[in-house]
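**Student:** Quick one: the structure is below, and I'll ask about it shortly.
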Amino acid sequence: MSHRPARLRITAIVVAASAAVATAAGSVSASTTAVRAPAASLAAVIPRLSLAQLAGQRVIYSYSGLNPPAVLLSLIRQGEAAGVIFFGDNIDPSHLAQIRGVIRTLEAANASRSNPVRAPLLLMTDQEGGEVRRLPGAPVLSEKQIGQSRNPPPPQAATNAGTGAGQNLRGVGMNVNLAPVLDVFRTPGDFDDQFGRSYSMNPSVVSRLGANFIRAQQHVGVAATAKHFPGLGAALARQNTDVQPVTLRLSKATIRSQDEFPYQAAIAAGVKLVMVSWAVYPSLDSRRPAGLSGPIVNGELRTRLRFTGVTITDALEAGALAPFGSTGNRAFLAAGAGMDLILCANQTPSQGQAALTSLENHYRNRTLNQAAFRAAVARILALRASLPG
């Protein structure tokens, strides 16, 4: 996701708790063990899903406060949710038993007999490192600090960060990290660099360090998400897609040789998810932001780079999408462009419900291609089946 300072900064109290969390992160996941089926069996269940359940497999929900609301638990029990994203105000950093308990509650709902999908929920957060962390503890270094590290050298620092992030998230029961950022920043203090969110101005360095992070994190059972495709590295400090529409006027050759370059290594490393940017790239598609653009999602990412994993939108409520209307219309356009997961991050389950209703209606009316819709669900279910619960 794009940077949200108010939600991402870690207080001195949280940082002071890092050592305790590092110990906890090495423990076995606290989540309830999910009743699971193999990926092939999950694909076979798709024809038996109701339309609401089929649409729900593409929605990531969010909520406010320390306790998930009853409506979210009900949606999960009914098989109408792919997963949940957690923000800072969902987590008590001084008492991580709280979020472990929440995750046990969510997985218990997921194990309901009324839910035909026998696979772990996608339980995710932004744990990039440095200032951009939801949990205290690893990875302590930002991507910029990793890129400038001397002891250990950057490749080992990136591997350590991936391992630490994975162990930290697994320690509380999460299984997806919306990291690493693979943006190749251009100038000191720009959108990525101001918060230390880019490894380097060199695409080759970003490629190597990002791939190291991905391999290490996924080795300990937490799916990595490369973001923000095709890249926000050229964005100026004020060009924040969370707040407003952003246009990056880069040539196709520049995008492919610099911004998309690190994704080749990420895909080769087996990255499980790719988050697509809300910026507009006129040389690739002059009409729509990347995450609403078939030429970018299906053309650049799927066809040119041959990514076969799960795509996920950035936050659906982003200011960059103001010209594209309601939650329902945004979800429809994103799904139509080839996005698999719709990230509803405004911290109220009603946003996810609006996205679900829209996807359900457009599937029923065939204004979304039904075969492509089912293929997206199959990718998501395969991802869920591959992860620990």
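Ordered as shown in the structure tokens, chains take letters A, B, and onward, while each chain numbers its residues from 1 and ligands are numbered from 1 in the order shown.
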Find the nearest atom pair between each residue of stretch 341-375 of chain A and stretch 284-297 of chain A for residues within 12 Å, count only C-alpha atoms, give distances in Å to one decimal, sort rows by chain and ascending number, and present the table as JSON lines.

**Tutor:**
{"residue": "A:Leu341", "atom": "CA", "partner": "A:Gly291", "partner_atom": "CA", "distance": 10.9}
{"residue": "A:Ile342", "atom": "CA", "partner": "A:Gly291", "partner_atom": "CA", "distance": 10.1}
{"residue": "A:Leu343", "atom": "CA", "partner": "A:Gly291", "partner_atom": "CA", "distance": 11.3}

**Student:** Leaving out stretch 358-365 of chain A and any residue of its chain fewer than 2 positions from it, which residues lie within 9 Å of it when counting only C-alpha atoms, given as a PDB file with N, CA and C atoms, in the first residue's frame?

**Tutor:**
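As written to disk, selection-v6.pdb reads:
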ATOM      1  N   LEU A  51     -22.995 -17.578  -5.593  1.00  0.00           N
ATOM      2  CA  LEU A  51     -22.395 -16.401  -6.235  1.00  0.00           C
ATOM      3  C   LEU A  51     -21.774 -15.475  -5.198  1.00  0.00           C
ATOM      4  N   ALA A  52     -22.408 -15.362  -4.025  1.00  0.00           N
ATOM      5  CA  ALA A  52     -21.833 -14.515  -2.972  1.00  0.00           C
ATOM      6  C   ALA A  52     -20.521 -15.101  -2.478  1.00  0.00           C
ATOM      7  N   GLN A  53     -20.470 -16.419  -2.343  1.00  0.00           N
ATOM      8  CA  GLN A  53     -19.222 -17.056  -1.915  1.00  0.00           C
ATOM      9  C   GLN A  53     -18.141 -16.925  -2.981  1.00  0.00           C
ATOM     10  N   LEU A  54     -18.525 -17.077  -4.236  1.00  0.00           N
ATOM     11  CA  LEU A  54     -17.566 -16.932  -5.328  1.00  0.00           C
ATOM     12  C   LEU A  54     -16.981 -15.527  -5.335  1.00  0.00           C
ATOM     13  N   ALA A  55     -17.837 -14.520  -5.212  1.00  0.00           N
ATOM     14  CA  ALA A  55     -17.362 -13.139  -5.179  1.00  0.00           C
ATOM     15  C   ALA A  55     -16.539 -12.866  -3.927  1.00  0.00           C
ATOM     16  N   GLY A  56     -16.963 -13.431  -2.800  1.00  0.00           N
ATOM     17  CA  GLY A  56     -16.261 -13.198  -1.538  1.00  0.00           C
ATOM     18  C   GLY A  56     -14.837 -13.705  -1.535  1.00  0.00           C
ATOM     19  N   ARG A  58     -12.699 -13.111  -3.507  1.00  0.00           N
ATOM     20  CA  ARG A  58     -11.828 -12.090  -4.086  1.00  0.00           C
ATOM     21  C   ARG A  58     -11.717 -10.842  -3.218  1.00  0.00           C
ATOM     22  N   THR A 327     -17.273   2.383  -4.517  1.00  0.00           N
ATOM     23  CA  THR A 327     -16.548   1.156  -4.213  1.00  0.00           C
ATOM     24  C   THR A 327     -16.926   0.052  -5.189  1.00  0.00           C
ATOM     25  N   GLY A 328     -18.206  -0.087  -5.447  1.00  0.00           N
ATOM     26  CA  GLY A 328     -18.655  -1.140  -6.349  1.00  0.00           C
ATOM     27  C   GLY A 328     -18.103  -0.982  -7.748  1.00  0.00           C
ATOM     28  N   ASN A 329     -18.085   0.242  -8.267  1.00  0.00           N
ATOM     29  CA  ASN A 329     -17.568   0.449  -9.618  1.00  0.00           C
ATOM     30  C   ASN A 329     -16.064   0.217  -9.668  1.00  0.00           C
ATOM     31  N   ALA A 331     -14.346  -1.820  -7.747  1.00  0.00           N
ATOM     32  CA  ALA A 331     -14.125  -3.271  -7.684  1.00  0.00           C
ATOM     33  C   ALA A 331     -14.403  -3.922  -9.033  1.00  0.00           C
ATOM     34  N   PHE A 332     -15.459  -3.495  -9.686  1.00  0.00           N
ATOM     35  CA  PHE A 332     -15.809  -4.024 -11.006  1.00  0.00           C
ATOM     36  C   PHE A 332     -14.712  -3.747 -12.026  1.00  0.00           C
ATOM     37  N   ALA A 335     -11.509  -5.861 -11.194  1.00  0.00           N
ATOM     38  CA  ALA A 335     -11.677  -7.258 -11.573  1.00  0.00           C
ATOM     39  C   ALA A 335     -11.664  -7.417 -13.086  1.00  0.00           C
ATOM     40  N   GLN A 353     -18.218  -5.521   1.770  1.00  0.00           N
ATOM     41  CA  GLN A 353     -19.531  -6.002   1.360  1.00  0.00           C
ATOM     42  C   GLN A 353     -19.989  -5.328   0.066  1.00  0.00           C
ATOM     43  N   ALA A 354     -19.708  -4.033  -0.073  1.00  0.00           N
ATOM     44  CA  ALA A 354     -20.072  -3.323  -1.297  1.00  0.00           C
ATOM     45  C   ALA A 354     -19.310  -3.883  -2.494  1.00  0.00           C
ATOM     46  N   ALA A 355     -18.032  -4.186  -2.285  1.00  0.00           N
ATOM     47  CA  ALA A 355     -17.241  -4.781  -3.363  1.00  0.00           C
ATOM     48  C   ALA A 355     -17.789  -6.156  -3.731  1.00  0.00           C
ATOM     49  N   LEU A 356     -18.100  -6.970  -2.719  1.00  0.00           N
ATOM     50  CA  LEU A 356     -18.655  -8.304  -2.957  1.00  0.00           C
ATOM     51  C   LEU A 356     -19.947  -8.224  -3.758  1.00  0.00           C
ATOM     52  N   THR A 367     -21.302  -9.146 -17.119  1.00  0.00           N
ATOM     53  CA  THR A 367     -20.505  -7.970 -17.456  1.00  0.00           C
ATOM     54  C   THR A 367     -19.066  -8.147 -16.992  1.00  0.00           C
ATOM     55  N   LEU A 368     -18.804  -9.194 -16.223  1.00  0.00           N
ATOM     56  CA  LEU A 368     -17.458  -9.698 -15.981  1.00  0.00           C
ATOM     57  C   LEU A 368     -17.367 -11.074 -16.623  1.00  0.00           C
ATOM     58  N   ASN A 369     -16.266 -11.348 -17.284  1.00  0.00           N
ATOM     59  CA  ASN A 369     -16.068 -12.637 -17.931  1.00  0.00           C
ATOM     60  C   ASN A 369     -16.067 -13.742 -16.875  1.00  0.00           C
ATOM     61  N   GLN A 370     -16.979 -14.688 -16.992  1.00  0.00           N
ATOM     62  CA  GLN A 370     -17.137 -15.689 -15.939  1.00  0.00           C
ATOM     63  C   GLN A 370     -15.968 -16.656 -15.879  1.00  0.00           C
ATOM     64  N   PHE A 373     -13.202 -14.874 -14.167  1.00  0.00           N
ATOM     65  CA  PHE A 373     -13.550 -14.724 -12.750  1.00  0.00           C
ATOM     66  C   PHE A 373     -13.206 -16.004 -11.987  1.00  0.00           C
TER      67      PHE A 373
END

**Student:** Contacts of A:Gln127 at 8 Å or less, counting only C-alpha atoms, minus same-chain residues fewer than 2 places along, as a list in words?

**Tutor:** Thr125, Gly129, Val132, Arg133, Arg134, Leu135, Pro139, Ala165, Asn177, Leu178 and Ala179 of chain A

**Student:** Skipping near chain neighbours, those fewer than 2 positions away, what residues fall within 9 Å of A:Leu106 using only C-alpha atoms, listed as a ChimeraX atom specification?

**Tutor:** /A:31-32,68,72-73,76-77,84,101-104,108-111,121

**Student:** Residues as selected, C-alpha atoms, written as a PDB file, in the first residue's frame, can you do that?

**Tutor:**
ATOM      1  CA  SER A  31      -3.692 -19.330  14.892  1.00  0.00           C
ATOM      2  CA  THR A  32      -6.181 -22.144  14.982  1.00  0.00           C
ATOM      3  CA  PRO A  68     -13.241  -7.905  14.741  1.00  0.00           C
ATOM      4  CA  LEU A  72     -16.986  -9.741   9.639  1.00  0.00           C
ATOM      5  CA  LEU A  73     -17.046 -13.024  11.548  1.00  0.00           C
ATOM      6  CA  ILE A  76     -16.105 -15.462   7.139  1.00  0.00           C
ATOM      7  CA  ARG A  77     -18.366 -18.225   8.503  1.00  0.00           C
ATOM      8  CA  VAL A  84      -8.328  -9.684   6.382  1.00  0.00           C
ATOM      9  CA  GLY A 101      -6.364 -14.259  19.988  1.00  0.00           C
ATOM     10  CA  VAL A 102      -8.032 -12.275  17.199  1.00  0.00           C
ATOM     11  CA  ILE A 103      -6.467 -14.537  14.590  1.00  0.00           C
ATOM     12  CA  ARG A 104      -7.632 -17.643  16.458  1.00  0.00           C
ATOM     13  CA  ALA A 108     -12.368 -20.511  14.100  1.00  0.00           C
ATOM     14  CA  ALA A 109     -15.002 -18.652  12.071  1.00  0.00           C
ATOM     15  CA  ASN A 110     -13.273 -19.814   8.899  1.00  0.00           C
ATOM     16  CA  ALA A 111     -13.565 -23.435  10.053  1.00  0.00           C
ATOM     17  CA  LEU A 121      -7.665 -17.147   5.430  1.00  0.00           C
TER      18      LEU A 121
END

**Student:** Of the residues A:Arg374, A:Arg249, A:Arg302, A:Arg36, which is the one nearest to A:Pro120, using only C-alpha atoms?

**Tutor:**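 Closest residue, counting only C-alpha atoms: A:Arg36.
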
**Student:** Could you pull the residues within 10 Å of A:Ala40, counting only C-alpha atoms, minus those fewer than 2 positions along the same chain, as a PyMOL selection string?

**Tutor:** chain A and resi 37-38+42-45+378+381-382+385

**Student:** Choose the residue, out of A:Pro282, A:Gly338, A:Gly389, A:Pro323, that has the smallest atom-to-atom separation from A:Asn298; count only C-alpha atoms.

**Tutor:**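 Between A:Pro282, A:Gly338, A:Gly389, A:Pro323, the residue approaching A:Asn298 most closely is A:Gly338.
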
**Student:** I'd like a table as CSV: residues in stretch 261-355 of chain A with an atom no more than 7 Å from stretch 185-209 of chain A, each row giving the shortest atom pair and its distance in Å to one decimal, only C-alpha atoms counted, sorted by chain and rising residue number.

**Tutor:**
residue,atom,partner,partner_atom,distance
A:Phe261,CA,A:Pro203,CA,6.4
A:Pro262,CA,A:Ser207,CA,4.1
A:Ala265,CA,A:Ser207,CA,5.6

**Student:** Could you write out, as a list in words, all the residues of stretch 332-364 of chain A that DSSP marks as helix (DSSP H, G or I)?

**Tutor:**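 So the helix (DSSP H, G or I) residues in stretch 332-364 of chain A would be Phe332, Leu333, Ala334, Ala335, Gly336, Ala337, Pro349, Ser350, Gln351, Gly352, Gln353, Ala354, Ala355, Leu356, Thr357, Ser358, Leu359, Glu360, Asn361, His362, Tyr363 and Arg364 of chain A.
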
**Student:** Just want the 7 Å neighbourhood of stretch 229-243 of chain A, counted on only C-alpha atoms, with same-chain residues fewer than 2 positions away dropped. Output as a ChimeraX atom specification.

**Tutor:** /A:2,183-186,189-192,227,245-246,248,259-260,275-279,318-320

**Student:** Go ahead and save the picked residues with N, CA and C atoms, as a PDB file, in the first residue's frame.

**Tutor:**
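Output (out13.pdb):
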ATOM      1  N   SER A   2       0.310   2.342  -0.433  1.00  0.00           N
ATOM      2  CA  SER A   2       1.034   3.594  -0.334  1.00  0.00           C
ATOM      3  C   SER A   2       1.181   3.975   1.127  1.00  0.00           C
ATOM      4  N   ASP A 183       9.999  -0.570  -5.802  1.00  0.00           N
ATOM      5  CA  ASP A 183      10.140   0.705  -6.508  1.00  0.00           C
ATOM      6  C   ASP A 183      11.611   1.111  -6.573  1.00  0.00           C
ATOM      7  N   VAL A 184      12.026   1.611  -7.725  1.00  0.00           N
ATOM      8  CA  VAL A 184      13.394   2.103  -7.931  1.00  0.00           C
ATOM      9  C   VAL A 184      13.343   3.627  -7.837  1.00  0.00           C
ATOM     10  N   PHE A 185      13.745   4.160  -6.677  1.00  0.00           N
ATOM     11  CA  PHE A 185      13.552   5.598  -6.484  1.00  0.00           C
ATOM     12  C   PHE A 185      14.523   6.402  -7.338  1.00  0.00           C
ATOM     13  N   ARG A 186      14.117   7.650  -7.642  1.00  0.00           N
ATOM     14  CA  ARG A 186      14.882   8.469  -8.572  1.00  0.00           C
ATOM     15  C   ARG A 186      15.692   9.575  -7.906  1.00  0.00           C
ATOM     16  N   GLY A 189      14.619  12.042  -1.184  1.00  0.00           N
ATOM     17  CA  GLY A 189      13.456  12.699  -0.614  1.00  0.00           C
ATOM     18  C   GLY A 189      12.177  12.547  -1.407  1.00  0.00           C
ATOM     19  N   ASP A 190      12.184  11.749  -2.469  1.00  0.00           N
ATOM     20  CA  ASP A 190      10.969  11.595  -3.257  1.00  0.00           C
ATOM     21  C   ASP A 190       9.983  10.671  -2.540  1.00  0.00           C
ATOM     22  N   PHE A 191       8.897  10.288  -3.209  1.00  0.00           N
ATOM     23  CA  PHE A 191       7.799   9.561  -2.565  1.00  0.00           C
ATOM     24  C   PHE A 191       8.276   8.340  -1.792  1.00  0.00           C
ATOM     25  N   ASP A 192       9.099   7.523  -2.415  1.00  0.00           N
ATOM     26  CA  ASP A 192       9.604   6.331  -1.733  1.00  0.00           C
ATOM     27  C   ASP A 192      10.728   6.655  -0.760  1.00  0.00           C
ATOM     28  N   LYS A 227       5.577  -4.930  -4.712  1.00  0.00           N
ATOM     29  CA  LYS A 227       4.755  -3.757  -5.013  1.00  0.00           C
ATOM     30  C   LYS A 227       5.652  -2.547  -5.324  1.00  0.00           C
ATOM     31  N   PRO A 245      -5.064  11.591  -7.548  1.00  0.00           N
ATOM     32  CA  PRO A 245      -4.595  10.960  -8.782  1.00  0.00           C
ATOM     33  C   PRO A 245      -3.138  11.326  -9.071  1.00  0.00           C
ATOM     34  N   VAL A 246      -2.387  10.362  -9.565  1.00  0.00           N
ATOM     35  CA  VAL A 246      -0.968  10.547  -9.870  1.00  0.00           C
ATOM     36  C   VAL A 246      -0.712  10.036 -11.281  1.00  0.00           C
ATOM     37  N   LEU A 248       2.464   9.392 -13.984  1.00  0.00           N
ATOM     38  CA  LEU A 248       3.915   9.293 -14.143  1.00  0.00           C
ATOM     39  C   LEU A 248       4.222   9.179 -15.636  1.00  0.00           C
ATOM     40  N   ASP A 259      11.741   0.398 -13.984  1.00  0.00           N
ATOM     41  CA  ASP A 259      10.695   0.164 -12.986  1.00  0.00           C
ATOM     42  C   ASP A 259      10.207  -1.278 -12.943  1.00  0.00           C
ATOM     43  N   GLU A 260      10.014  -1.894 -14.103  1.00  0.00           N
ATOM     44  CA  GLU A 260       9.556  -3.281 -14.125  1.00  0.00           C
ATOM     45  C   GLU A 260      10.704  -4.275 -13.948  1.00  0.00           C
ATOM     46  N   MET A 275       1.251  -6.524  -5.993  1.00  0.00           N
ATOM     47  CA  MET A 275       0.322  -5.410  -5.827  1.00  0.00           C
ATOM     48  C   MET A 275       0.558  -4.410  -6.958  1.00  0.00           C
ATOM     49  N   VAL A 276      -0.532  -3.961  -7.568  1.00  0.00           N
ATOM     50  CA  VAL A 276      -0.441  -3.061  -8.714  1.00  0.00           C
ATOM     51  C   VAL A 276      -0.773  -1.636  -8.281  1.00  0.00           C
ATOM     52  N   SER A 277      -0.023  -0.705  -8.810  1.00  0.00           N
ATOM     53  CA  SER A 277      -0.118   0.711  -8.457  1.00  0.00           C
ATOM     54  C   SER A 277      -1.428   1.340  -8.925  1.00  0.00           C
ATOM     55  N   TRP A 278      -1.809   2.438  -8.262  1.00  0.00           N
ATOM     56  CA  TRP A 278      -2.942   3.247  -8.712  1.00  0.00           C
ATOM     57  C   TRP A 278      -2.501   4.441  -9.556  1.00  0.00           C
ATOM     58  N   ALA A 279      -1.224   4.573  -9.845  1.00  0.00           N
ATOM     59  CA  ALA A 279      -0.779   5.663 -10.720  1.00  0.00           C
ATOM     60  C   ALA A 279      -1.170   5.375 -12.169  1.00  0.00           C
ATOM     61  N   ALA A 318      -8.489   4.589  -2.207  1.00  0.00           N
ATOM     62  CA  ALA A 318      -7.457   5.586  -2.476  1.00  0.00           C
ATOM     63  C   ALA A 318      -7.986   6.790  -3.236  1.00  0.00           C
ATOM     64  N   GLY A 319      -7.442   7.962  -2.895  1.00  0.00           N
ATOM     65  CA  GLY A 319      -7.830   9.195  -3.571  1.00  0.00           C
ATOM     66  C   GLY A 319      -7.546   9.171  -5.053  1.00  0.00           C
ATOM     67  N   ALA A 320      -6.575   8.382  -5.477  1.00  0.00           N
ATOM     68  CA  ALA A 320      -6.262   8.275  -6.902  1.00  0.00           C
ATOM     69  C   ALA A 320      -7.438   7.762  -7.721  1.00  0.00           C
TER      70      ALA A 320
END

**Student:** Could you check which of A:Leu96, A:Val117, A:Leu123, A:Val274 is closest to A:Ser50, using only C-alpha atoms?

**Tutor:** A:Val117

**Student:** DSSP on the backbone, strand (DSSP E or B) only: what residues of stretch 10-201 of chain A does that give? Format it as a tab-separated table (two decimals) with N, CA and C atoms, in the first residue's frame.

**Tutor:**
chain	number	residue	atom	x	y	z
A	59	VAL	N	-12.28	-10.87	-2.02
A	59	VAL	CA	-12.35	-9.66	-1.19
A	59	VAL	C	-11.51	-9.82	0.07
A	60	ILE	N	-10.65	-8.83	0.31
A	60	ILE	CA	-9.92	-8.70	1.57
A	60	ILE	C	-10.60	-7.60	2.38
A	61	TYR	N	-11.00	-7.92	3.60
A	61	TYR	CA	-11.74	-7.00	4.47
A	61	TYR	C	-10.81	-6.32	5.47
A	83	GLY	N	-9.91	-12.97	3.09
A	83	GLY	CA	-8.99	-12.69	4.17
A	83	GLY	C	-9.21	-11.33	4.77
A	84	VAL	N	-8.24	-10.92	5.59
A	84	VAL	CA	-8.33	-9.68	6.38
A	84	VAL	C	-6.96	-9.00	6.38
A	85	ILE	N	-6.97	-7.68	6.27
A	85	ILE	CA	-5.75	-6.89	6.44
A	85	ILE	C	-5.79	-6.21	7.80
A	122	LEU	N	-6.38	-15.51	4.18
A	122	LEU	CA	-5.22	-14.67	3.91
A	122	LEU	C	-5.20	-13.57	4.97
A	123	LEU	N	-4.25	-13.64	5.87
A	123	LEU	CA	-4.17	-12.72	7.01
A	123	LEU	C	-2.91	-11.89	6.84
A	124	MET	N	-3.09	-10.62	6.51
A	124	MET	CA	-1.99	-9.83	5.99
A	124	MET	C	-1.82	-8.49	6.68
A	125	THR	N	-0.63	-7.92	6.49
A	125	THR	CA	-0.34	-6.58	6.96
A	125	THR	C	0.84	-6.03	6.16
A	129	GLY	N	9.45	-2.85	7.08
A	129	GLY	CA	10.68	-2.57	7.82
A	129	GLY	C	10.85	-1.10	8.06
A	132	VAL	N	7.84	1.61	8.38
A	132	VAL	CA	6.62	1.02	7.85
A	132	VAL	C	6.45	-0.40	8.41
A	176	VAL	N	0.59	-13.50	5.19
A	176	VAL	CA	0.89	-12.70	4.00
A	176	VAL	C	1.49	-11.37	4.44
A	177	ASN	N	2.57	-10.97	3.81
A	177	ASN	CA	3.16	-9.66	4.04
A	177	ASN	C	3.04	-8.84	2.77
A	181	VAL	N	8.68	-3.62	-1.13
A	181	VAL	CA	8.55	-2.58	-2.15
A	181	VAL	C	9.69	-2.77	-3.15

**Student:** Given the choices A:Ser251, A:Thr308, A:Asn346, A:Thr357, which gets closest to A:Ala376 if the distance is worked out from only C-alpha atoms?

**Tutor:** A:Thr308

**Student:** Rounded to one decimal in Å, what is the spacing between atom CA of A:Gly147 and atom CA of A:Gly173?

**Tutor:**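 It comes out at 28.8 Å.
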
**Student:** Record the distance separating atom CA of A:Pro155 and atom CA of A:Gln167, expressed in Å with one decimal.

**Tutor:**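 A separation of 18.5 Å between them.
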
**Student:** Would you pick out the contacts of A:His219 at 10 Å or less, using only C-alpha atoms, so that residues sharing its chain but fewer than 2 positions from it are not included, and give the list as a list in words?

**Tutor:**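 Near A:His219, the qualifying residues are Gly162, Thr163, Gly166, Gln167, Phe213, Ile214, Arg215, Ala216, Gln217, Gly221, Val222 and Ala223 of chain A.
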